[in-house]
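Here the structure is laid out as C-alpha cells; the discussion comes afterwards.
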Amino acid sequence: SELSSHHHNLLWLVQLVPSWTVRGREVRRRLSLVIISKLLDTKHVEIPDDGDKQMSLLHRFLVFMKPSNLLRRMREGLGQQPADGDHLDAELEQEAYYLIYILLHLVSEASFFETVNSNQRQHLLKLCGALDKHIKCDIREDARLFYRSKVKDLVARIYGKWQDLIQSTRPTQGKLHDFWEPN
C-alpha cells in the first residue's frame with residue numbers, strides 16, 4: 001500500500017493481483033482493506049485474518065465513506081471554510097467523489113467471495129444496508145454533476161452484485177426468509 005500515494009494507482013495495484021487463485025483473491029481482499037484504511041486515514045487498523053471480522057471492518061469503513069462526511073473532512077484538511085469560493089469547492093467535491101468511486105471499487109474487491117456461508121450472508125445484508133443508508137442516500141444527483149451519477153451507478157452495481165450473492169445462498173439456519181431488521 002506504500003507503493004503510491006494516489007488512490008487511482010493503488011486501485012490499479014489491487015487489480016494487478018491475479019484473482020483466479022484462492023491465494024490471489026485473499027491477497028486482493030486484504031490489500032483492498034489496507035488501502036481503504038489508508039485512504040480514509042484510519043490510524044493503524046489491524047486487518048484481521050478471519051473473513052467475518054474483515055466483513056465487519058468493511059462495514060465500519062462504509063460508514064466512514066459517507067460523501068458529505070468525506071467532503072467535510074477534506075475541507076478541514078485544507079483549512080477551507082464552506083463559503084470559500086465556488087470554483088475551489090466544486091473541485092474539492094469532484095475530488096471527493098472520485099475518491100469515493102475508487103473506494104467503492106476497493107470495497108467491491110474486498111467483499112468478493114466465491115461461496116458465501118450464512119455468516120457472510122448476514123454481513124452482506126448489513127453491508128447492503130450501510131451502502132444504501134450512508135452512501136446512496138447521501139448522493140444528490142444533478143444533470144450538471146455527472147460524477148455524482150457515476151458514483152451512484154457504481155453503488156447500484158455493487159448493491160446488485162451483493163443481492164445476487166445473498167439470493168444464491170440459503171437463509172440463516174432455521175429461517176425460511178430473511179426479513180429486514182432495524183439496526
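Following the order of the C-alpha cells, first chain is A, next is B, and so on, with residues numbered from 1 inside each chain and ligands from 1 in the order they appear.
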
**Request:** Based on DSSP run over this structure's backbone, return all residues of range 11-105 of chain A in helix (DSSP H, G or I), as an NGL selection string.
**Result:** :A and (11-16 or 22-39 or 51-64 or 67-78 or 86-105)

**Message:** List the spatial neighbours of Ile35 in chain A as a list in words - criterion: any atom at most 10 Å away, only C-alpha atoms, same-chain residues fewer than 3 positions off excluded.
**Reply:** Ser1, Glu2, His7, Leu10, Leu11, Val14, Arg30, Leu31, Ser32, Lys38, Leu39, Leu40, Asp41, Leu103 and Leu106 of chain A

Wanna dump the range 5-120 of chain A-range 157-162 of chain A contacts at 10 Å for me, each residue with its shortest atom pair and the distance in Å to one decimal, counting only C-alpha atoms, ordered by chain and number, as a tab-separated table?
```
residue	atom	partner	partner_atom	distance
A:Leu104	CA	A:Ile158	CA	8.2
A:His105	CA	A:Ile158	CA	8.6
A:Val107	CA	A:Ile158	CA	8.8
A:Ser108	CA	A:Ile158	CA	6.5
A:Ser111	CA	A:Trp162	CA	8.6
A:Phe112	CA	A:Trp162	CA	9.0
```

**Item:** Using only C-alpha atoms: which of A:Tyr147, A:Leu127, A:Asp50, A:Arg25 has the shortest distance to Ala96 in chain A
**Value:** A:Tyr147

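Between CA of Leu145 in chain A and CA of Leu99 in chain A there is a distance of 15.4 Å.
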
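Separating CA of Glu46 in chain A from CA of Leu58 in chain A is a distance of 12.3 Å.
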
**Message:** Applying 12 Å and only C-alpha atoms, which residues near Pro18 in chain A remain after dropping the ones on its own chain fewer than 6 positions away? List them as a PyMOL selection string.
**Reply:** chain A and resi 12+24-29+109

**Request:** Name the closest residue to Gln167 in chain A among the candidates A:His134, A:Arg121, A:Lys150, A:Arg144; distances are taken between atoms, counting only C-alpha atoms.
**Result:** A:Arg121

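Of the listed residues (A:Gln15, A:Leu33, A:Ser168, A:Leu92), A:Leu33 comes nearest to Gly51 in chain A; the distances count only C-alpha atoms.
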
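When CA of Gly77 in chain A is paired with CA of Ala110 in chain A, their separation reads 27.0 Å.
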
Mind checking which residues fall within 12 Å of range 139-143 of chain A, counting only C-alpha atoms, ignoring those fewer than 2 positions away in the same chain, and posting them as a compact mmCIF listing (two decimals) with all heavy atoms, in the first residue's frame?
```txt
# COMPACT_ATOMS: atom_id res chain seq x y z
N MET A 65 -17.29 6.33 4.69
CA MET A 65 -17.25 6.78 3.30
C MET A 65 -18.41 7.68 2.90
O MET A 65 -18.55 8.03 1.74
CB MET A 65 -17.26 5.58 2.35
CG MET A 65 -15.97 4.87 2.25
SD MET A 65 -16.13 3.57 1.03
CE MET A 65 -15.17 2.32 1.76
N LYS A 66 -19.24 8.06 3.83
CA LYS A 66 -20.38 8.92 3.52
C LYS A 66 -19.87 10.17 2.80
O LYS A 66 -18.99 10.88 3.32
CB LYS A 66 -21.12 9.29 4.80
CG LYS A 66 -22.40 10.01 4.58
CD LYS A 66 -23.15 10.17 5.88
CE LYS A 66 -24.51 10.78 5.63
NZ LYS A 66 -25.30 10.85 6.86
N PRO A 67 -20.37 10.47 1.59
CA PRO A 67 -19.82 11.58 0.79
C PRO A 67 -19.77 12.92 1.51
O PRO A 67 -18.76 13.62 1.44
CB PRO A 67 -20.74 11.63 -0.42
CG PRO A 67 -21.23 10.23 -0.57
CD PRO A 67 -21.38 9.73 0.83
N SER A 68 -20.83 13.29 2.23
CA SER A 68 -20.83 14.59 2.91
C SER A 68 -19.77 14.64 4.01
O SER A 68 -19.10 15.66 4.18
CB SER A 68 -22.22 14.90 3.47
OG SER A 68 -22.63 13.90 4.36
N ASN A 69 -19.59 13.54 4.73
CA ASN A 69 -18.56 13.50 5.78
C ASN A 69 -17.16 13.53 5.19
O ASN A 69 -16.27 14.19 5.71
CB ASN A 69 -18.72 12.26 6.65
CG ASN A 69 -19.97 12.30 7.50
OD1 ASN A 69 -20.58 13.35 7.66
ND2 ASN A 69 -20.35 11.15 8.02
N LEU A 71 -16.28 14.84 2.31
CA LEU A 71 -16.05 16.19 1.79
C LEU A 71 -15.74 17.16 2.93
O LEU A 71 -14.84 17.99 2.82
CB LEU A 71 -17.29 16.66 1.01
CG LEU A 71 -17.19 18.00 0.31
CD1 LEU A 71 -16.03 18.00 -0.68
CD2 LEU A 71 -18.49 18.32 -0.40
N GLU A 93 -15.19 18.94 -4.27
CA GLU A 93 -16.29 17.97 -4.30
C GLU A 93 -16.04 16.91 -5.36
O GLU A 93 -16.27 15.72 -5.13
CB GLU A 93 -17.62 18.68 -4.57
CG GLU A 93 -18.78 17.72 -4.56
CD GLU A 93 -20.12 18.40 -4.79
OE1 GLU A 93 -20.28 19.56 -4.43
OE2 GLU A 93 -20.98 17.72 -5.37
N ALA A 96 -13.50 14.56 -4.05
CA ALA A 96 -14.08 13.69 -3.02
C ALA A 96 -14.89 12.56 -3.67
O ALA A 96 -14.80 11.40 -3.25
CB ALA A 96 -14.97 14.50 -2.08
N TYR A 97 -15.68 12.87 -4.68
CA TYR A 97 -16.47 11.84 -5.33
C TYR A 97 -15.60 10.87 -6.12
O TYR A 97 -15.91 9.68 -6.21
CB TYR A 97 -17.55 12.45 -6.23
CG TYR A 97 -18.81 12.76 -5.47
CD1 TYR A 97 -18.99 13.98 -4.83
CD2 TYR A 97 -19.81 11.81 -5.34
CE1 TYR A 97 -20.13 14.26 -4.11
CE2 TYR A 97 -20.96 12.07 -4.62
CZ TYR A 97 -21.12 13.30 -4.00
OH TYR A 97 -22.24 13.55 -3.28
N ILE A 100 -14.34 8.52 -3.54
CA ILE A 100 -15.40 7.58 -3.16
C ILE A 100 -15.55 6.51 -4.24
O ILE A 100 -15.74 5.33 -3.94
CB ILE A 100 -16.73 8.32 -2.92
CG1 ILE A 100 -16.62 9.18 -1.67
CG2 ILE A 100 -17.89 7.35 -2.81
CD1 ILE A 100 -17.73 10.18 -1.50
N LEU A 131 -24.51 0.51 2.66
CA LEU A 131 -24.29 1.12 1.34
C LEU A 131 -25.47 2.00 0.97
O LEU A 131 -25.30 3.13 0.50
CB LEU A 131 -24.10 0.01 0.30
CG LEU A 131 -23.65 0.42 -1.09
CD1 LEU A 131 -22.24 0.99 -1.05
CD2 LEU A 131 -23.70 -0.77 -2.03
N ASP A 132 -26.66 1.51 1.22
CA ASP A 132 -27.86 2.26 0.91
C ASP A 132 -28.00 3.49 1.82
O ASP A 132 -28.25 4.59 1.34
CB ASP A 132 -29.08 1.34 1.06
CG ASP A 132 -30.32 1.91 0.43
OD1 ASP A 132 -30.20 2.58 -0.62
OD2 ASP A 132 -31.41 1.69 0.97
N LYS A 133 -27.81 3.29 3.11
CA LYS A 133 -28.05 4.35 4.09
C LYS A 133 -26.97 5.43 4.07
O LYS A 133 -27.28 6.63 4.11
CB LYS A 133 -28.13 3.74 5.48
CG LYS A 133 -28.33 4.73 6.59
CD LYS A 133 -28.37 4.04 7.94
CE LYS A 133 -28.49 5.02 9.08
NZ LYS A 133 -28.43 4.34 10.38
N HIS A 134 -25.71 5.04 4.01
CA HIS A 134 -24.63 6.01 4.19
C HIS A 134 -24.08 6.58 2.89
O HIS A 134 -23.50 7.67 2.90
CB HIS A 134 -23.48 5.39 4.99
CG HIS A 134 -23.88 5.01 6.37
ND1 HIS A 134 -24.12 5.95 7.35
CD2 HIS A 134 -24.12 3.81 6.95
CE1 HIS A 134 -24.47 5.34 8.46
NE2 HIS A 134 -24.47 4.04 8.25
N ILE A 135 -24.22 5.86 1.79
CA ILE A 135 -23.63 6.37 0.56
C ILE A 135 -24.71 6.76 -0.46
O ILE A 135 -24.78 7.91 -0.87
CB ILE A 135 -22.63 5.35 -0.03
CG1 ILE A 135 -21.50 5.16 0.97
CG2 ILE A 135 -22.10 5.82 -1.37
CD1 ILE A 135 -20.44 4.21 0.59
N LYS A 136 -25.56 5.82 -0.82
CA LYS A 136 -26.56 6.09 -1.85
C LYS A 136 -27.49 7.23 -1.46
O LYS A 136 -27.77 8.12 -2.26
CB LYS A 136 -27.37 4.83 -2.13
CG LYS A 136 -28.40 5.00 -3.20
CD LYS A 136 -29.19 3.72 -3.38
CE LYS A 136 -30.42 4.00 -4.19
NZ LYS A 136 -31.44 3.00 -3.97
N CYS A 137 -27.97 7.22 -0.22
CA CYS A 137 -28.92 8.25 0.22
C CYS A 137 -28.27 9.61 0.43
O CYS A 137 -28.97 10.61 0.56
CB CYS A 137 -29.64 7.80 1.50
SG CYS A 137 -30.76 6.44 1.21
N LEU A 145 -23.76 17.60 -12.74
CA LEU A 145 -22.72 16.96 -11.93
C LEU A 145 -22.71 15.46 -12.21
O LEU A 145 -23.15 14.65 -11.40
CB LEU A 145 -22.98 17.25 -10.45
CG LEU A 145 -23.10 18.73 -10.08
CD1 LEU A 145 -23.50 18.90 -8.64
CD2 LEU A 145 -21.82 19.48 -10.39
N PHE A 146 -22.17 15.10 -13.36
CA PHE A 146 -22.19 13.72 -13.83
C PHE A 146 -21.42 12.78 -12.92
O PHE A 146 -21.75 11.61 -12.80
CB PHE A 146 -21.65 13.65 -15.26
CG PHE A 146 -21.69 12.29 -15.85
CD1 PHE A 146 -22.90 11.68 -16.14
CD2 PHE A 146 -20.53 11.59 -16.12
CE1 PHE A 146 -22.96 10.41 -16.68
CE2 PHE A 146 -20.57 10.31 -16.65
CZ PHE A 146 -21.79 9.73 -16.94
N TYR A 147 -20.39 13.29 -12.26
CA TYR A 147 -19.58 12.43 -11.40
C TYR A 147 -20.40 11.85 -10.25
O TYR A 147 -20.14 10.74 -9.80
CB TYR A 147 -18.35 13.17 -10.86
CG TYR A 147 -18.64 14.47 -10.15
CD1 TYR A 147 -18.89 14.49 -8.78
CD2 TYR A 147 -18.66 15.67 -10.83
CE1 TYR A 147 -19.16 15.67 -8.12
CE2 TYR A 147 -18.91 16.86 -10.19
CZ TYR A 147 -19.17 16.86 -8.84
OH TYR A 147 -19.43 18.04 -8.19
N ARG A 148 -21.43 12.55 -9.79
CA ARG A 148 -22.31 12.01 -8.75
C ARG A 148 -23.11 10.83 -9.30
O ARG A 148 -23.27 9.82 -8.62
CB ARG A 148 -23.27 13.08 -8.25
CG ARG A 148 -22.62 14.17 -7.44
CD ARG A 148 -23.66 15.12 -6.93
NE ARG A 148 -23.09 16.23 -6.22
CZ ARG A 148 -23.80 17.22 -5.71
NH1 ARG A 148 -25.11 17.21 -5.84
NH2 ARG A 148 -23.21 18.20 -5.07
N SER A 149 -23.61 10.98 -10.52
CA SER A 149 -24.37 9.90 -11.14
C SER A 149 -23.50 8.67 -11.35
O SER A 149 -23.97 7.54 -11.21
CB SER A 149 -24.95 10.35 -12.48
OG SER A 149 -25.81 11.43 -12.28
N LYS A 150 -22.25 8.90 -11.70
CA LYS A 150 -21.33 7.79 -11.93
C LYS A 150 -21.09 7.01 -10.63
O LYS A 150 -21.07 5.77 -10.64
CB LYS A 150 -20.01 8.34 -12.48
CG LYS A 150 -19.15 7.32 -13.13
CD LYS A 150 -18.03 7.99 -13.89
CE LYS A 150 -17.19 6.91 -14.52
NZ LYS A 150 -16.15 7.42 -15.37
N VAL A 151 -20.95 7.72 -9.52
CA VAL A 151 -20.76 7.06 -8.23
C VAL A 151 -22.04 6.32 -7.84
O VAL A 151 -21.99 5.18 -7.38
CB VAL A 151 -20.36 8.08 -7.14
CG1 VAL A 151 -20.41 7.46 -5.75
CG2 VAL A 151 -18.97 8.62 -7.41
N LYS A 152 -23.19 6.94 -8.06
CA LYS A 152 -24.46 6.30 -7.71
C LYS A 152 -24.69 5.04 -8.56
O LYS A 152 -25.23 4.05 -8.09
CB LYS A 152 -25.62 7.28 -7.89
CG LYS A 152 -26.78 6.95 -7.00
CD LYS A 152 -27.67 8.14 -6.82
CE LYS A 152 -28.69 7.87 -5.74
NZ LYS A 152 -29.53 9.01 -5.49
N ASP A 153 -24.24 5.08 -9.82
CA ASP A 153 -24.33 3.90 -10.68
C ASP A 153 -23.46 2.77 -10.15
O ASP A 153 -23.87 1.60 -10.12
CB ASP A 153 -23.92 4.27 -12.11
CG ASP A 153 -23.90 3.07 -13.03
OD1 ASP A 153 -24.96 2.44 -13.20
OD2 ASP A 153 -22.81 2.75 -13.56
N VAL A 155 -22.60 2.34 -7.05
CA VAL A 155 -23.27 1.86 -5.84
C VAL A 155 -24.36 0.85 -6.22
O VAL A 155 -24.48 -0.21 -5.60
CB VAL A 155 -23.87 3.04 -5.03
CG1 VAL A 155 -24.84 2.55 -3.97
CG2 VAL A 155 -22.77 3.88 -4.40
```

**Complete:** Counting only C-alpha atoms, the residue among A:Ile36, A:Met55, A:Leu78, A:Cys128 that lies closest to Leu165 in chain A is A:Cys128
